[in-house]
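Novice: Would you mind keeping the following structure in view while I ask a few things?
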Amino acid sequence: GAGVSQTPSNKVTEKGKYVELRCDPISGHTALYWYRQSLGQGPEFLIYFQGTGAADDSGLPNDRFFAVRPEGSVSTLKIQRTERGDSAVYLCASSLIGTSGRASFTDTQYFGPGTRLTVL
Amino acid sequence: GQQLNQSPQSMFIQEGEDVSMNCTSSSIFNTWLWYKQDPGEGPVLLIALYKAGELTSNGRLTAQFGITRKDSFLNISASIPSDVGIYFCAGRGGSNYKLTFGKGTLLTVNP
């Protein structure tokens with residue numbers, strides 16, 4: 001079946017520009033996560049959605065970063081006034097349940113291939 | 001943000017050799033996970049551990065959840081060329097969703 005998909009796969013932009021990164025989760029998954037992976041590092045948590053609402057955005061580095069999931073499926077990560085330090089691979093993951101219920105203890109997060117963002 | 005202490009950073013081994021890598025944390029976790037990431041791909045889950053002391057196998061892979069809940073190791077037996085990639089440990093704590101990752105172990109297998 002279809003996994004998590006992310007578009008674009010690569011995005012090159014200039015400092016100061018605005019970018020949007022899209023994530024299509026696995027159909028039926030209620031939980032969606034964004035992570036950022038810098039070169040040579042492991043992924044770092046940015047934000048978590050349960051349905052349409054952002055349940056935890058504590059990982060967003062500053063107010064230039066914002067994410068939405070208006071219909072509880074596709075999510076868009078938005079970055080304003082991009083800086084060179086924003087260059088990284090942005091990973092999206094989805095899981096079936098998230099935090100609700102005992103099953104969340106074993107709830108597996110499935111990752112997409114990521115969007116490689118380069119800010120020149 | 002916080003990252004787990006994962007070692008070694010890289011390993012270069014001959015095909016057929018066994019491999020061991022480990023991960024430690026200053027925080028207690030309820031779940032330990034091991035992922036593999038190939039170039040241009042997202043991490044793929046290899047093994048999940050849910051209970052302190054648990055030892056779990058998946059084919060040639062074996063992982064353990066440390067008794068203190070602050071560490072885990074992953075062993076790969078009889079390595080093959082397709083084992084090449086970056087291996088990440090990840091922990092999940094009081095919140096049931098947020099994963100904290102290690103910095104990864106780059107494994108190279110010489111045929």
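For the structure tokens, the naming scheme is as follows: chains receive sequential letters (A, B, ...) according to their order of presentation, residues are indexed from 1 within each chain, and ligands are indexed from 1 in presentation order.
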I'd like a table as a Markdown table: residues in chain B with an atom no more than 10 Å from chain A, each row giving the shortest atom pair and its distance in Å to one decimal, only C-alpha atoms counted, sorted by chain and rising residue number.

Specialist:
```
| residue | atom | partner | partner_atom | distance |
| --- | --- | --- | --- | --- |
| B:Gly1 | CA | A:Glu44 | CA | 6.8 |
| B:Gln2 | CA | A:Glu44 | CA | 8.1 |
| B:Gln3 | CA | A:Gly42 | CA | 7.5 |
| B:Leu4 | CA | A:Gly42 | CA | 9.0 |
| B:Gln9 | CA | A:Gly40 | CA | 9.8 |
| B:Asn30 | CA | A:Phe105 | CA | 8.5 |
| B:Thr31 | CA | A:Phe105 | CA | 8.0 |
| B:Leu33 | CA | A:Thr108 | CA | 9.6 |
| B:Gln37 | CA | A:Pro113 | CA | 9.6 |
| B:Asp38 | CA | A:Pro113 | CA | 9.7 |
| B:Pro39 | CA | A:Pro113 | CA | 9.4 |
| B:Gly40 | CA | A:Pro113 | CA | 6.4 |
| B:Glu41 | CA | A:Pro113 | CA | 4.3 |
| B:Gly42 | CA | A:Pro113 | CA | 4.3 |
| B:Pro43 | CA | A:Phe111 | CA | 6.1 |
| B:Val44 | CA | A:Phe111 | CA | 6.9 |
| B:Leu45 | CA | A:Tyr110 | CA | 7.7 |
| B:Ala48 | CA | A:Thr106 | CA | 8.2 |
| B:Leu49 | CA | A:Thr106 | CA | 9.0 |
| B:Tyr50 | CA | A:Thr106 | CA | 7.6 |
| B:Ile86 | CA | A:Gly42 | CA | 9.6 |
| B:Tyr87 | CA | A:Gly42 | CA | 9.5 |
| B:Phe88 | CA | A:Gly42 | CA | 7.0 |
| B:Cys89 | CA | A:Gly42 | CA | 8.8 |
| B:Ala90 | CA | A:Gly42 | CA | 9.0 |
| B:Arg92 | CA | A:Phe105 | CA | 9.3 |
| B:Ser95 | CA | A:Thr99 | CA | 7.8 |
| B:Asn96 | CA | A:Thr99 | CA | 5.6 |
| B:Tyr97 | CA | A:Gly98 | CA | 6.1 |
| B:Lys98 | CA | A:Phe45 | CA | 6.7 |
| B:Leu99 | CA | A:Phe45 | CA | 6.8 |
| B:Thr100 | CA | A:Glu44 | CA | 6.8 |
| B:Phe101 | CA | A:Gly42 | CA | 5.5 |
| B:Gly102 | CA | A:Gly42 | CA | 5.6 |
| B:Lys103 | CA | A:Gly42 | CA | 4.5 |
| B:Gly104 | CA | A:Gly42 | CA | 6.1 |
| B:Thr105 | CA | A:Gly40 | CA | 9.8 |
| B:Leu106 | CA | A:Gly40 | CA | 9.6 |
```

Novice: Selection from above, N, CA and C atoms, as a CSV table (one decimal), in the first residue's frame, can you write it?

Specialist:
```
chain,number,residue,atom,x,y,z
B,1,GLY,N,18.1,20.6,20.1
B,1,GLY,CA,17.3,19.7,20.9
B,1,GLY,C,18.1,18.5,21.4
B,2,GLN,N,17.5,17.8,22.4
B,2,GLN,CA,18.2,16.6,22.9
B,2,GLN,C,18.4,15.5,21.9
B,3,GLN,N,19.6,14.9,21.9
B,3,GLN,CA,19.8,13.7,21.1
B,3,GLN,C,20.5,12.7,22.1
B,4,LEU,N,20.2,11.5,21.8
B,4,LEU,CA,20.8,10.4,22.6
B,4,LEU,C,22.2,10.2,22.2
B,9,GLN,N,30.1,6.0,16.1
B,9,GLN,CA,29.6,6.9,15.1
B,9,GLN,C,29.6,6.2,13.7
B,30,ASN,N,10.2,4.9,28.0
B,30,ASN,CA,9.2,3.7,28.0
B,30,ASN,C,9.3,2.8,26.8
B,31,THR,N,9.9,3.3,25.8
B,31,THR,CA,10.0,2.6,24.5
B,31,THR,C,11.4,2.9,23.9
B,33,LEU,N,13.5,2.2,20.2
B,33,LEU,CA,13.3,1.8,18.9
B,33,LEU,C,14.6,1.9,18.1
B,37,GLN,N,18.2,3.9,8.1
B,37,GLN,CA,18.0,4.9,7.0
B,37,GLN,C,18.9,4.8,5.9
B,38,ASP,N,18.4,4.6,4.7
B,38,ASP,CA,19.2,4.5,3.5
B,38,ASP,C,19.2,5.9,2.8
B,39,PRO,N,20.2,6.2,2.0
B,39,PRO,CA,20.3,7.5,1.4
B,39,PRO,C,19.1,7.9,0.6
B,40,GLY,N,18.6,9.1,0.9
B,40,GLY,CA,17.4,9.7,0.2
B,40,GLY,C,16.1,9.1,0.7
B,41,GLU,N,16.1,8.3,1.8
B,41,GLU,CA,14.9,7.7,2.3
B,41,GLU,C,14.7,8.2,3.7
B,42,GLY,N,13.5,7.9,4.2
B,42,GLY,CA,13.2,8.2,5.6
B,42,GLY,C,13.6,6.9,6.4
B,43,PRO,N,13.7,7.1,7.8
B,43,PRO,CA,14.0,6.0,8.6
B,43,PRO,C,12.9,4.9,8.5
B,44,VAL,N,13.4,3.6,8.6
B,44,VAL,CA,12.5,2.5,8.6
B,44,VAL,C,12.7,1.7,9.9
B,45,LEU,N,11.6,1.4,10.6
B,45,LEU,CA,11.6,0.7,11.9
B,45,LEU,C,12.1,-0.7,11.7
B,48,ALA,N,11.3,-2.7,17.8
B,48,ALA,CA,10.7,-1.9,18.9
B,48,ALA,C,10.7,-2.7,20.2
B,49,LEU,N,11.1,-2.0,21.3
B,49,LEU,CA,11.2,-2.6,22.6
B,49,LEU,C,10.3,-1.8,23.5
B,50,TYR,N,9.5,-2.6,24.3
B,50,TYR,CA,8.5,-1.9,25.1
B,50,TYR,C,8.6,-2.1,26.6
B,86,ILE,N,22.6,3.9,7.7
B,86,ILE,CA,22.8,4.6,9.0
B,86,ILE,C,21.7,4.0,9.9
B,87,TYR,N,22.1,3.6,11.1
B,87,TYR,CA,21.2,3.0,12.1
B,87,TYR,C,21.0,4.1,13.2
B,88,PHE,N,19.8,4.3,13.6
B,88,PHE,CA,19.4,5.2,14.6
B,88,PHE,C,18.7,4.5,15.7
B,89,CYS,N,19.1,4.9,16.9
B,89,CYS,CA,18.2,4.5,18.1
B,89,CYS,C,17.3,5.7,18.3
B,90,ALA,N,16.1,5.4,18.9
B,90,ALA,CA,15.2,6.4,19.3
B,90,ALA,C,14.5,6.0,20.6
B,92,ARG,N,11.2,6.9,23.4
B,92,ARG,CA,9.9,7.6,23.6
B,92,ARG,C,9.6,7.5,25.1
B,95,SER,N,5.5,11.1,27.1
B,95,SER,CA,4.6,11.4,26.0
B,95,SER,C,4.6,10.2,25.1
B,96,ASN,N,3.5,9.8,24.5
B,96,ASN,CA,3.5,8.6,23.7
B,96,ASN,C,3.8,8.8,22.2
B,97,TYR,N,4.3,10.0,21.9
B,97,TYR,CA,4.4,10.3,20.5
B,97,TYR,C,5.8,10.8,20.1
B,98,LYS,N,6.4,11.7,20.9
B,98,LYS,CA,7.6,12.4,20.5
B,98,LYS,C,8.8,11.4,20.6
B,99,LEU,N,9.5,11.2,19.5
B,99,LEU,CA,10.7,10.4,19.5
B,99,LEU,C,12.0,11.2,19.6
B,100,THR,N,12.9,10.8,20.5
B,100,THR,CA,14.2,11.4,20.6
B,100,THR,C,15.2,10.5,20.0
B,101,PHE,N,15.9,10.9,19.0
B,101,PHE,CA,16.9,10.1,18.2
B,101,PHE,C,18.3,10.3,18.7
B,102,GLY,N,19.1,9.2,18.4
B,102,GLY,CA,20.5,9.3,18.5
B,102,GLY,C,21.1,10.0,17.2
B,103,LYS,N,22.4,10.2,17.2
B,103,LYS,CA,23.0,10.8,16.0
B,103,LYS,C,23.3,9.8,14.9
B,104,GLY,N,23.1,8.5,15.2
B,104,GLY,CA,23.3,7.5,14.1
B,104,GLY,C,24.6,6.8,14.1
B,105,THR,N,24.6,5.6,13.6
B,105,THR,CA,25.8,4.8,13.4
B,105,THR,C,25.9,4.5,11.9
B,106,LEU,N,26.9,4.9,11.2
B,106,LEU,CA,27.1,4.6,9.8
B,106,LEU,C,27.8,3.3,9.7
```

Novice: Which residues are close to Gly85 of chain A, i.e. within 10 Å by only C-alpha atoms, leaving aside same-chain residues fewer than 4 positions away? Reply as number ranges by chain.

Specialist: A: 15, 38, 118-120

Novice: Residues of segment 5-110 of chain B in strand (DSSP E) according to DSSP, as JSON, numbers by chain?

Specialist: {"B": [5, 6, 7, 10, 11, 12, 13, 14, 19, 20, 21, 22, 23, 24, 31, 32, 33, 34, 35, 36, 37, 44, 45, 46, 47, 48, 49, 55, 56, 57, 58, 61, 62, 63, 64, 65, 71, 72, 73, 74, 75, 76, 85, 86, 87, 88, 89, 90, 91, 92, 99, 100, 101, 105, 106, 107, 108, 109, 110]}

Novice: Skip Lys70 of chain B itself and residues of its chain fewer than 2 positions away, then list as a ChimeraX atom specification all residues within 8 Å of it, counting only C-alpha atoms.

Specialist: /B:24-29,66-68,72

Novice: For Tyr18 of chain A, please output as a ChimeraX atom specification all residues within 7 Å (counting only C-alpha atoms; exclusion window: fewer than 6 positions along the same chain).

Specialist: /A:79-82

Novice: Have a look at atom CA of Asp83 of chain B and atom CA of Leu55 of chain B and let me know their distance in Å, one decimal.

Specialist: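 That distance, rounded to one decimal, is 20.6 Å.
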
Novice: Between atom CA of Val19 of chain B and atom CA of Ser57 of chain B, what distance in Å does the model show, to one decimal?

Specialist: 14.2 Å
